[in-house]
file input_29.csv (CSV, C-alpha atoms)
chain,number,residue,atom,x,y,z
A,1,MET,CA,41.2,11.9,-12.7
A,2,GLY,CA,40.0,13.4,-15.9
A,3,SER,CA,40.0,17.0,-17.0
A,4,HIS,CA,36.6,17.7,-15.7
A,5,ARG,CA,37.3,16.2,-12.3
A,6,ARG,CA,39.8,18.7,-11.2
A,7,ASP,CA,38.6,21.9,-12.6
A,8,GLY,CA,35.3,23.4,-12.7
A,9,ARG,CA,34.2,25.4,-10.6
A,10,PRO,CA,34.5,27.0,-7.9
A,11,SER,CA,34.2,26.9,-6.0
A,12,ALA,CA,32.2,25.7,-4.6
A,13,THR,CA,32.3,28.2,-1.9
A,14,ALA,CA,29.4,30.4,-0.9
A,15,ALA,CA,29.6,34.2,-1.1
A,16,PRO,CA,31.6,35.6,1.9
A,17,ASP,CA,29.8,37.0,4.9
A,18,VAL,CA,29.9,40.7,5.2
A,19,PRO,CA,31.8,41.7,8.4
A,20,PRO,CA,30.4,44.4,10.6
A,21,VAL,CA,31.7,47.9,9.9
A,22,ALA,CA,33.7,49.3,12.7
A,23,GLY,CA,31.8,52.3,13.9
A,24,SER,CA,31.3,54.5,17.0
A,25,GLY,CA,29.2,53.4,19.9
A,26,SER,CA,26.4,55.5,21.2
A,27,GLY,CA,28.8,58.4,21.5
A,28,ALA,CA,32.3,59.5,22.1
A,29,PRO,CA,34.0,58.2,25.3
A,30,PRO,CA,34.6,60.6,28.1
A,31,VAL,CA,37.9,62.4,27.8
A,32,SER,CA,40.1,62.9,30.9
A,33,GLY,CA,43.4,64.4,31.6
A,34,PRO,CA,44.9,67.9,31.4
A,35,GLY,CA,43.1,70.2,29.1
A,36,ALA,CA,40.0,68.0,28.7
A,37,LEU,CA,36.7,69.7,28.2
A,38,SER,CA,34.5,67.7,30.5
A,39,ASP,CA,31.3,69.7,29.8
A,40,THR,CA,31.5,69.7,26.1
A,41,ALA,CA,28.4,68.2,24.5
A,42,ARG,CA,28.9,64.9,22.6
A,43,LEU,CA,28.8,65.1,18.8
A,44,PRO,CA,25.8,63.4,17.2
A,45,ARG,CA,26.4,59.9,15.8
A,46,VAL,CA,26.6,59.7,12.0
A,47,ASP,CA,25.5,56.4,10.5
A,48,THR,CA,27.4,55.0,7.6
A,49,VAL,CA,25.5,55.1,4.3
A,50,PRO,CA,24.5,51.7,3.0
A,51,GLU,CA,26.9,52.0,0.0
A,52,ALA,CA,29.9,52.7,2.2
A,53,ARG,CA,28.9,49.9,4.5
A,54,THR,CA,28.8,47.5,1.6
A,55,ALA,CA,32.1,48.7,0.2
A,56,ALA,CA,33.8,48.4,3.6
A,57,GLY,CA,32.4,44.9,4.2
A,58,ARG,CA,33.5,43.4,0.9
A,59,ASP,CA,36.9,42.8,-0.7
A,60,ARG,CA,36.4,43.5,-4.3
A,61,TYR,CA,39.9,42.2,-5.2
A,62,PHE,CA,38.9,38.7,-3.9
A,63,ASP,CA,35.5,39.0,-5.3
A,64,THR,CA,37.0,39.7,-8.7
A,65,LEU,CA,39.5,36.9,-8.5
A,66,ARG,CA,36.6,34.5,-7.7
A,67,ALA,CA,34.5,35.7,-10.6
A,68,VAL,CA,37.4,35.5,-13.1
A,69,ALA,CA,38.2,32.0,-11.8
A,70,LEU,CA,34.6,30.9,-12.5
A,71,VAL,CA,34.8,32.3,-16.0
A,72,ARG,CA,38.0,30.5,-16.6
A,73,VAL,CA,36.4,27.3,-15.4
A,74,VAL,CA,33.5,27.6,-17.9
A,75,ALA,CA,36.0,28.4,-20.7
A,76,TYR,CA,38.1,25.4,-19.8
A,77,HIS,CA,35.1,23.1,-19.9
A,78,THR,CA,34.1,24.5,-23.2
A,79,PHE,CA,37.4,24.6,-25.1
A,80,GLY,CA,39.5,22.0,-23.1
A,81,TRP,CA,42.6,24.2,-23.3
A,82,ALA,CA,45.5,22.4,-21.6
A,83,TRP,CA,47.2,25.7,-20.9
A,84,ALA,CA,44.2,27.3,-19.2
A,85,GLY,CA,45.3,26.1,-15.7
A,86,MET,CA,48.7,27.7,-16.2
A,87,VAL,CA,47.2,31.1,-17.2
A,88,LEU,CA,44.9,31.0,-14.1
A,89,PRO,CA,44.9,28.1,-11.6
A,90,SER,CA,41.2,28.7,-10.8
A,91,MET,CA,40.9,25.9,-8.2
A,92,GLY,CA,43.9,27.0,-6.3
A,93,ILE,CA,42.5,30.5,-6.2
A,94,MET,CA,39.1,29.3,-5.0
A,95,PHE,CA,40.6,27.1,-2.2
A,96,ALA,CA,42.8,30.0,-1.0
A,97,LEU,CA,39.9,32.4,-0.9
A,98,ALA,CA,37.8,29.8,0.9
A,99,GLY,CA,40.6,29.2,3.4
A,100,THR,CA,40.8,32.9,4.2
A,101,LEU,CA,37.0,33.1,4.8
A,102,MET,CA,37.1,30.0,6.9
A,103,ALA,CA,39.9,31.4,9.1
A,104,LYS,CA,37.8,34.6,9.6
A,105,SER,CA,34.7,32.6,10.4
A,106,LEU,CA,36.5,30.5,13.0
A,107,GLU,CA,36.7,33.5,15.2
A,108,ARG,CA,33.3,32.2,16.2
A,109,PRO,CA,32.7,28.7,17.8
A,110,ALA,CA,33.9,26.0,15.4
A,111,LEU,CA,30.8,23.8,15.6
A,112,LYS,CA,28.6,26.7,14.6
A,113,VAL,CA,30.9,27.7,11.8
A,114,ILE,CA,31.0,24.2,10.3
A,115,ARG,CA,27.2,23.8,10.6
A,116,SER,CA,26.7,27.1,8.8
A,117,ARG,CA,29.1,26.2,6.0
A,118,VAL,CA,27.6,22.8,5.5
A,119,ARG,CA,24.1,24.3,5.6
A,120,ARG,CA,25.0,26.8,2.9
A,121,LEU,CA,26.5,24.1,0.7
A,122,LEU,CA,24.1,21.2,0.8
A,123,PRO,CA,20.7,22.6,-0.2
A,124,PRO,CA,22.0,23.9,-3.6
A,125,PHE,CA,23.8,20.5,-4.0
A,126,TRP,CA,20.6,18.6,-3.2
A,127,PHE,CA,18.5,20.7,-5.5
A,128,TRP,CA,20.9,20.2,-8.4
A,129,GLY,CA,21.4,16.5,-7.5
A,130,PHE,CA,17.7,15.8,-7.7
A,131,PHE,CA,17.6,16.5,-11.4
A,132,VAL,CA,20.9,14.8,-12.2
A,133,VAL,CA,20.0,11.6,-10.2
A,134,ALA,CA,16.5,11.5,-11.7
A,135,ALA,CA,17.9,11.9,-15.2
A,136,MET,CA,20.4,9.1,-14.6
A,137,LEU,CA,17.7,6.8,-13.2
A,138,VAL,CA,15.6,7.4,-16.4
A,139,HIS,CA,18.7,6.5,-18.4
A,140,GLY,CA,19.1,3.1,-16.7
A,141,TRP,CA,21.3,3.8,-13.7
A,142,MET,CA,21.0,1.3,-10.9
A,143,PRO,CA,22.4,2.9,-7.7
A,144,GLY,CA,23.8,1.0,-4.7
A,145,TRP,CA,24.4,2.0,-1.1
A,146,GLN,CA,26.9,4.6,-2.4
A,147,ILE,CA,23.9,6.8,-3.2
A,148,VAL,CA,24.4,8.2,0.3
A,149,TYR,CA,27.1,10.3,-1.1
A,150,TRP,CA,24.4,12.2,-2.9
A,151,ILE,CA,23.2,13.3,0.5
A,152,VAL,CA,26.5,14.2,2.0
A,153,PRO,CA,29.4,14.2,-0.5
A,154,LEU,CA,32.2,13.1,1.7
A,155,GLY,CA,33.1,10.8,-1.2
A,156,ASP,CA,32.5,11.1,-4.9
A,157,PRO,CA,28.8,10.6,-5.6
A,158,PRO,CA,28.2,7.7,-7.9
A,159,GLY,CA,26.6,7.8,-11.3
A,160,ASN,CA,26.5,6.3,-14.8
A,161,ALA,CA,28.4,7.2,-17.9
A,162,TRP,CA,25.4,9.0,-19.3
A,163,GLY,CA,25.6,11.7,-16.6
A,164,GLU,CA,29.4,11.7,-16.1
A,165,GLN,CA,30.0,15.1,-17.5
A,166,ALA,CA,27.6,16.6,-15.1
A,167,TRP,CA,28.7,14.8,-11.9
A,168,GLU,CA,32.5,14.7,-12.4
A,169,ILE,CA,32.8,18.3,-11.2
A,170,LEU,CA,31.6,17.3,-7.7
A,171,TRP,CA,35.2,16.5,-6.6
A,172,TYR,CA,35.5,20.2,-5.7
A,173,LEU,CA,32.5,20.2,-3.4
A,174,ARG,CA,33.8,17.0,-1.8
A,175,THR,CA,37.3,18.5,-1.2
A,176,TYR,CA,35.8,21.8,0.0
A,177,LEU,CA,33.6,19.9,2.5
A,178,TRP,CA,36.6,18.0,3.9
A,179,PHE,CA,38.6,21.2,4.3
A,180,VAL,CA,35.8,22.8,6.2
A,181,LEU,CA,35.5,19.8,8.6
A,182,LEU,CA,39.3,19.8,9.1
A,183,SER,CA,39.8,23.5,9.4
A,184,PRO,CA,39.5,23.9,13.2
A,185,LEU,CA,42.4,21.4,13.6
A,186,LEU,CA,44.4,22.8,10.7
A,187,LEU,CA,44.0,26.4,11.9
A,188,ARG,CA,45.2,25.4,15.4
A,189,VAL,CA,48.3,23.6,14.0
A,190,PHE,CA,49.0,26.5,11.6
A,191,ARG,CA,48.9,29.1,14.4
A,192,ALA,CA,51.4,27.0,16.4
A,193,ALA,CA,54.1,27.6,13.8
A,194,PRO,CA,52.7,29.6,10.8
A,195,VAL,CA,55.6,29.8,8.4
A,196,ALA,CA,56.8,26.2,9.0
A,197,VAL,CA,53.3,24.8,8.6
A,198,LEU,CA,52.7,26.8,5.4
A,199,VAL,CA,56.0,25.5,3.9
A,200,LEU,CA,55.4,21.9,5.1
A,201,SER,CA,51.9,21.9,3.6
A,202,THR,CA,53.5,20.9,0.3
A,203,ALA,CA,54.8,17.7,1.9
A,204,PRO,CA,51.6,15.6,1.5
A,205,ILE,CA,51.6,15.9,-2.3
A,206,LEU,CA,55.2,14.9,-2.4
A,207,VAL,CA,54.5,11.8,-0.2
A,208,VAL,CA,51.5,10.9,-2.4
A,209,GLN,CA,53.6,11.3,-5.6
A,210,PHE,CA,56.9,9.7,-4.6
A,211,LEU,CA,56.5,7.5,-1.4
A,212,TRP,CA,52.9,6.1,-1.3
A,213,ALA,CA,50.4,5.8,-4.0
A,214,PRO,CA,46.8,6.1,-2.7
A,215,PRO,CA,44.3,3.5,-3.7
A,216,ASP,CA,42.3,4.2,-6.9
A,217,ASP,CA,39.0,4.6,-5.1
A,218,ARG,CA,37.0,7.3,-3.3
A,219,PHE,CA,39.4,7.4,-0.4
A,220,GLY,CA,42.4,7.7,-2.7
A,221,ASN,CA,40.9,10.4,-4.9
A,222,ALA,CA,39.9,12.5,-1.8
A,223,LEU,CA,43.3,12.2,-0.3
A,224,THR,CA,45.0,13.2,-3.5
A,225,ASP,CA,42.8,16.3,-3.9
A,226,LEU,CA,43.3,17.3,-0.3
A,227,ALA,CA,47.1,16.9,-0.7
A,228,THR,CA,47.1,18.9,-3.9
A,229,PHE,CA,45.3,22.0,-2.6
A,230,LEU,CA,46.3,21.9,1.1
A,231,PHE,CA,48.9,24.6,0.6
A,232,CYS,CA,46.4,26.9,-1.0
A,233,TRP,CA,43.9,26.4,1.9
A,234,ILE,CA,46.6,27.1,4.5
A,235,LEU,CA,47.7,30.1,2.4
A,236,GLY,CA,44.3,31.5,3.0
A,237,PHE,CA,44.9,31.1,6.8
A,238,ALA,CA,48.3,32.9,6.4
A,239,HIS,CA,46.6,35.8,4.6
A,240,ARG,CA,43.9,36.2,7.2
A,241,ASP,CA,46.3,36.1,10.1
A,242,GLY,CA,48.7,38.7,8.5
A,243,VAL,CA,51.5,36.2,8.2
A,244,LEU,CA,52.0,36.9,4.5
A,245,GLN,CA,52.4,40.6,5.1
A,246,ARG,CA,55.2,40.0,7.5
A,247,LEU,CA,57.3,38.0,5.0
A,248,LYS,CA,60.1,39.5,3.1
A,249,PRO,CA,59.3,40.3,-0.6
A,250,LEU,CA,62.5,38.7,-2.0
A,251,ALA,CA,61.9,35.4,-0.2
A,252,VAL,CA,58.2,35.3,-1.3
A,253,VAL,CA,58.9,36.1,-4.9
A,254,VAL,CA,61.9,33.7,-5.2
A,255,LEU,CA,60.1,30.8,-3.6
A,256,SER,CA,56.9,31.4,-5.5
A,257,LEU,CA,58.7,31.5,-8.9
A,258,ALA,CA,60.6,28.4,-7.9
A,259,ALA,CA,57.4,26.6,-7.2
A,260,ILE,CA,55.9,27.7,-10.5
A,261,GLY,CA,59.0,26.7,-12.3
A,262,TYR,CA,59.0,23.2,-10.7
A,263,GLY,CA,55.3,22.7,-11.3
A,264,GLY,CA,55.7,23.7,-15.0
A,265,TRP,CA,58.8,21.6,-15.4
A,266,TYR,CA,57.1,18.6,-13.9
A,267,ALA,CA,54.0,19.1,-16.1
A,268,PHE,CA,56.0,19.2,-19.3
A,269,THR,CA,58.3,16.3,-18.4
A,270,HIS,CA,55.5,14.0,-17.0
A,271,GLN,CA,52.8,14.4,-19.6
A,272,THR,CA,49.8,12.1,-19.6
A,273,GLU,CA,49.5,9.1,-22.0
A,274,THR,CA,47.7,11.4,-24.5
A,275,GLY,CA,50.6,13.8,-24.4
A,276,SER,CA,48.8,16.5,-22.4
A,277,TYR,CA,50.5,18.8,-19.9
A,278,ASP,CA,47.1,19.7,-18.4
A,279,LEU,CA,47.7,20.5,-14.7
A,280,ASP,CA,44.3,18.9,-13.9
A,281,ASP,CA,45.7,15.5,-14.8
A,282,ILE,CA,49.1,15.9,-13.0
A,283,PRO,CA,48.5,16.5,-9.3
A,284,LEU,CA,52.1,17.3,-8.3
A,285,ALA,CA,52.4,19.9,-11.1
A,286,GLN,CA,49.0,21.4,-10.1
A,287,ALA,CA,50.0,21.6,-6.5
A,288,PHE,CA,53.3,23.5,-7.0
A,289,TRP,CA,52.1,25.7,-9.9
A,290,SER,CA,49.0,26.7,-7.9
A,291,ALA,CA,51.1,27.3,-4.8
A,292,GLY,CA,53.5,29.7,-6.4
A,293,PHE,CA,50.9,31.5,-8.6
A,294,VAL,CA,48.3,32.0,-5.8
A,295,THR,CA,51.0,33.0,-3.3
A,296,LEU,CA,51.9,35.9,-5.6
A,297,LEU,CA,48.3,36.9,-5.9
A,298,MET,CA,47.7,36.8,-2.2
A,299,TYR,CA,51.0,38.5,-1.3
A,300,ALA,CA,50.3,41.3,-3.7
A,301,LYS,CA,47.0,41.9,-1.8
A,302,ALA,CA,48.7,41.7,1.6
A,303,ARG,CA,51.7,43.8,0.7
A,304,PHE,CA,50.2,46.6,-1.4
A,305,GLY,CA,46.6,46.6,0.0
A,306,ILE,CA,45.0,46.1,-3.4
A,307,ASP,CA,41.2,46.5,-3.0
A,308,PHE,CA,39.8,47.0,-6.5
A,309,ALA,CA,37.6,49.8,-5.1
A,310,TRP,CA,37.7,51.3,-8.6
A,311,LEU,CA,35.4,48.6,-9.7
A,312,ALA,CA,32.4,50.5,-8.3
A,313,ARG,CA,32.8,53.1,-11.0
A,314,PHE,CA,31.9,50.4,-13.6
A,315,ARG,CA,28.4,49.6,-12.4
A,316,ARG,CA,27.6,46.8,-14.8
A,317,LEU,CA,30.9,45.0,-14.3
A,318,ASP,CA,30.6,45.5,-10.5
A,319,ARG,CA,27.1,44.1,-10.7
A,320,ILE,CA,28.3,41.0,-12.6
A,321,VAL,CA,31.0,40.4,-10.0
A,322,THR,CA,28.4,40.7,-7.2
A,323,ILE,CA,26.1,38.2,-8.9
A,324,PHE,CA,28.9,35.7,-9.6
A,325,ASN,CA,30.0,35.7,-5.9
A,326,ALA,CA,26.5,35.5,-4.5
A,327,ARG,CA,25.6,32.7,-6.9
A,328,ALA,CA,29.0,30.9,-7.1
A,329,VAL,CA,27.7,27.5,-6.0
A,330,THR,CA,24.8,27.7,-8.5
A,331,LEU,CA,27.1,28.8,-11.3
A,332,TYR,CA,29.5,26.0,-10.6
A,333,LEU,CA,27.0,23.2,-10.3
A,334,TRP,CA,24.9,24.1,-13.3
A,335,HIS,CA,27.5,25.3,-15.8
A,336,GLU,CA,28.3,21.8,-17.1
A,337,ILE,CA,24.6,21.1,-17.7
A,338,ALA,CA,24.3,24.4,-19.5
A,339,LEU,CA,27.2,23.4,-21.8
A,340,ILE,CA,25.7,20.0,-22.3
A,341,LEU,CA,22.3,21.5,-23.3
A,342,ALA,CA,23.9,24.0,-25.6
A,343,VAL,CA,24.9,21.3,-28.0
A,344,PRO,CA,21.4,20.0,-28.9
A,345,LEU,CA,20.1,23.6,-28.8
A,346,ILE,CA,22.6,24.6,-31.5
A,347,ASP,CA,21.8,21.5,-33.5
A,348,ARG,CA,18.2,22.9,-33.7
A,349,PHE,CA,19.5,26.1,-35.1
A,350,TRP,CA,20.7,24.3,-38.2
A,351,ASN,CA,17.1,23.7,-39.1
A,352,VAL,CA,16.5,27.5,-39.4
A,353,PRO,CA,18.0,28.8,-42.8
A,354,ALA,CA,18.7,32.3,-41.4
A,355,PHE,CA,20.6,30.9,-38.5
A,356,GLU,CA,22.5,28.5,-40.7
A,357,ALA,CA,23.5,31.4,-43.0
A,358,TYR,CA,24.4,34.1,-40.5
A,359,LEU,CA,25.4,32.4,-37.2
A,360,PRO,CA,28.7,30.7,-36.6
A,361,LEU,CA,27.1,27.5,-35.5
A,362,GLU,CA,30.2,25.4,-35.9
A,363,SER,CA,32.3,27.7,-33.7
A,364,GLN,CA,33.1,26.7,-30.1
A,365,TRP,CA,32.9,30.4,-29.2
A,366,PHE,CA,29.3,30.4,-30.3
A,367,MET,CA,28.7,27.4,-28.0
A,368,PHE,CA,30.5,29.3,-25.2
A,369,GLY,CA,28.1,32.2,-25.7
A,370,VAL,CA,25.0,30.0,-25.7
A,371,GLY,CA,26.4,28.2,-22.7
A,372,TRP,CA,26.6,31.5,-20.8
A,373,LEU,CA,23.0,32.4,-21.8
A,374,LEU,CA,21.8,29.1,-20.3
A,375,ILE,CA,23.9,29.6,-17.2
A,376,ALA,CA,22.1,33.0,-16.7
A,377,VAL,CA,18.8,31.1,-17.0
A,378,PHE,CA,19.9,28.6,-14.4
A,379,ILE,CA,21.0,31.4,-12.1
A,380,LEU,CA,17.6,33.0,-12.4
A,381,LEU,CA,15.7,29.8,-11.9
A,382,CYS,CA,17.8,28.0,-9.3
A,383,GLY,CA,19.9,30.7,-7.5
A,384,TRP,CA,17.2,31.3,-5.0
A,385,VAL,CA,18.2,28.0,-3.3
A,386,GLU,CA,21.4,29.7,-2.1
A,387,ASP,CA,19.3,32.4,-0.4
A,388,VAL,CA,17.2,29.8,1.3
A,389,ALA,CA,20.4,27.9,2.4
A,390,ALA,CA,21.7,31.2,3.8
A,391,ARG,CA,18.4,31.8,5.6
A,392,THR,CA,17.7,35.0,3.8
A,393,GLY,CA,14.7,35.8,1.7
A,394,PRO,CA,14.8,34.2,-1.8
A,395,ARG,CA,15.6,36.6,-4.6
A,396,LEU,CA,15.7,36.4,-8.3
A,397,LEU,CA,19.1,38.2,-8.3
A,398,PRO,CA,21.2,39.3,-5.4
call {"tool": "encode", "arguments": {"input": "input_29.csv", "output": "structure tokens"}}
result
Amino acid sequence: MGSHRRDGRPSATAAPDVPPVAGSGSGAPPVSGPGALSDTARLPRVDTVPEARTAAGRDRYFDTLRAVALVRVVAYHTFGWAWAGMVLPSMGIMFALAGTLMAKSLERPALKVIRSRVRRLLPPFWFWGFFVVAAMLVHGWMPGWQIVYWIVPLGDPPGNAWGEQAWEILWYLRTYLWFVLLSPLLLRVFRAAPVAVLVLSTAPILVVQFLWAPPDDRFGNALTDLATFLFCWILGFAHRDGVLQRLKPLAVVVLSLAAIGYGGWYAFTHQTETGSYDLDDIPLAQAFWSAGFVTLLMYAKARFGIDFAWLARFRRLDRIVTIFNARAVTLYLWHEIALILAVPLIDRFWNVPAFEAYLPLESQWFMFGVGWLLIAVFILLCGWVEDVAARTGPRLLP
């Protein structure tokens, strides 16, 4: 599994639903008992202003984590930094946040929740896939029956080497889809013994690593990815159910640092054939490093009630965070294509003497900047598909 397979982006989760704001009913309930004023007129109902309703319905801490994780994904795919996953394990963060949202959603009937999640995921994937598949066909790809995975990505969709950089990121959508389908069962098992199940959710990756090697095919790849990020998904359940908040700080910090230490030790002592310690290429190291790192992030939220409400004072930054979350699937799917297109576009710049003289055309940072400009274009041109998938009116920007 190459560096592009394991990281990228996000999420692949859709923007979280805004929960209803707890408010009064049609009026105050009757008051009874000694000293009650039974004939006092009811106070008029005061509606919450839209800004307050939005602030109450969103968690800007989680929104910011998701946005930063997506930026890190784009940076990783631009520069290829092996250490990027250690600075911020984006995929672990995104799976944990998705697990939290899934646990919240499953307060409703499971079948409706699964149908809603799948509906919000597949149309943006189909829209993006149409262009990728068409381009690969033009470049000589001959698909077989496995093309069905371009309809429902329960396995890695096939493709040719020409389009590999574009379609390798689909491992995240495939893993997310499986977690969504398995969540009703996983949540039931988790609630039977929360702490025990959370701890034991690291067991599958140990089994895969030391006791049984999965086959090198779609099934094996899916199983390995599920085992790698199972703890993070269950951690999302633990946060939603308040389990994290009840844990003792010393135990959480010690165990989290131990997991980070073990993951880091394993990465540096089991480097790939190329000498890389990239977590994306070492599933066991990825699993434990992400487990410890993301636990600390989620526990800080649960323990200290961090909400990042201050972000509203910086309107442009807050707006960017909002767009990134509302267009997370679009950003994730199209970011590799944006980076691919940035290369021939910059090549054209060399033909302009002024650009050649004054622009850092050889710099990867320049390509990073051009890539983000193209990502912005794709968000404007393609983001509306997420609105259609969510059954809301299509918008240029959320």
call {"tool": "closest_residue", "arguments": {"input": "input_29.csv", "among": "A:Ala110, A:Ala287, A:Leu339, A:Val352", "to": "Leu185 in chain A", "atoms": "all atoms listed in the file"}}
result
A:Ala110
call {"tool": "closest_atom_pairs", "arguments": {"input": "input_29.csv", "of": "range 230-342 of chain A", "to": "range 128-131 of chain A", "cutoff": "9 Å", "atoms": "only C-alpha atoms", "output": "Markdown table"}}
result
| residue | atom | partner | partner_atom | distance |
| --- | --- | --- | --- | --- |
| A:Thr330 | CA | A:Trp128 | CA | 8.5 |
| A:Leu333 | CA | A:Trp128 | CA | 7.1 |
| A:Trp334 | CA | A:Trp128 | CA | 7.4 |
call {"tool": "atom_distance", "arguments": {"input": "input_29.csv", "atom1": "CA of Val207 in chain A", "atom2": "CA of Gly263 in chain A"}}
result
15.6 Å
call {"tool": "closest_residue", "arguments": {"input": "input_29.csv", "among": "A:Arg218, A:Leu97, A:Phe79, A:Gly85", "to": "Tyr149 in chain A", "atoms": "all atoms listed in the file"}}
result
A:Arg218
call {"tool": "closest_residue", "arguments": {"input": "input_29.csv", "among": "A:Val138, A:Leu70, A:Leu255, A:Val197", "to": "Glu336 in chain A", "atoms": "only C-alpha atoms"}}
result
A:Leu70
call {"tool": "residues_around", "arguments": {"input": "input_29.csv", "residues": "Asp307 in chain A", "least_positions_apart": "2", "cutoff": "10 Å", "atoms": "only C-alpha atoms", "output": "list in words"}}
result
Ala55, Arg58, Asp59, Arg60, Tyr61, Phe62, Asp63, Thr64, Lys301, Phe304, Gly305, Ala309, Trp310 and Leu311 of chain A
call {"tool": "closest_residue", "arguments": {"input": "input_29.csv", "among": "A:Met102, A:Leu182, A:Leu223, A:Ala376", "to": "Ile320 in chain A", "atoms": "all atoms listed in the file"}}
result
A:Ala376
call {"tool": "residues_around", "arguments": {"input": "input_29.csv", "residues": "Leu226 in chain A", "least_positions_apart": "5", "cutoff": "8 Å", "atoms": "only C-alpha atoms", "output": "tab-separated table (two decimals) with C-alpha atoms, in the frame of the given file"}}
result
chain	number	residue	atom	x	y	z
A	175	THR	CA	37.30	18.50	-1.20
A	178	TRP	CA	36.60	18.00	3.90
A	179	PHE	CA	38.60	21.20	4.30
call {"tool": "residues_around", "arguments": {"input": "input_29.csv", "residues": "Val199 in chain A", "least_positions_apart": "4", "cutoff": "10 Å", "atoms": "all atoms listed in the file", "output": "PyMOL selection string"}}
result
chain A and resi 194-195+203+231+234-235
call {"tool": "atom_distance", "arguments": {"input": "input_29.csv", "atom1": "CA of Val74 in chain A", "atom2": "CA of Glu164 in chain A"}}
result
16.5 Å
call {"tool": "atom_distance", "arguments": {"input": "input_29.csv", "atom1": "CA of Ala69 in chain A", "atom2": "CA of Ser290 in chain A"}}
result
12.6 Å
call {"tool": "residues_near_point", "arguments": {"input": "input_29.csv", "point": "(28.3, 24.3, -38.0)", "cutoff": "9 Å", "atoms": "only C-alpha atoms", "output": "ChimeraX atom specification"}}
result
/A:346-347,350,356,359-363
call {"tool": "residues_near_point", "arguments": {"input": "input_29.csv", "point": "(28.6, 28.0, -28.0)", "cutoff": "8 Å", "atoms": "only C-alpha atoms", "output": "list of chain:residue names"}}
result
A:Leu339, A:Ala342, A:Val343, A:Ile346, A:Leu361, A:Ser363, A:Gln364, A:Trp365, A:Phe366, A:Met367, A:Phe368, A:Gly369, A:Val370, A:Gly371
call {"tool": "closest_residue", "arguments": {"input": "input_29.csv", "among": "A:Ala166, A:Leu121, A:Val388, A:Leu397", "to": "Thr322 in chain A", "atoms": "all atoms listed in the file"}}
result
A:Leu397
call {"tool": "closest_residue", "arguments": {"input": "input_29.csv", "among": "A:Leu380, A:Leu247, A:Leu279, A:Leu257", "to": "Ile323 in chain A", "atoms": "all atoms listed in the file"}}
result
A:Leu380
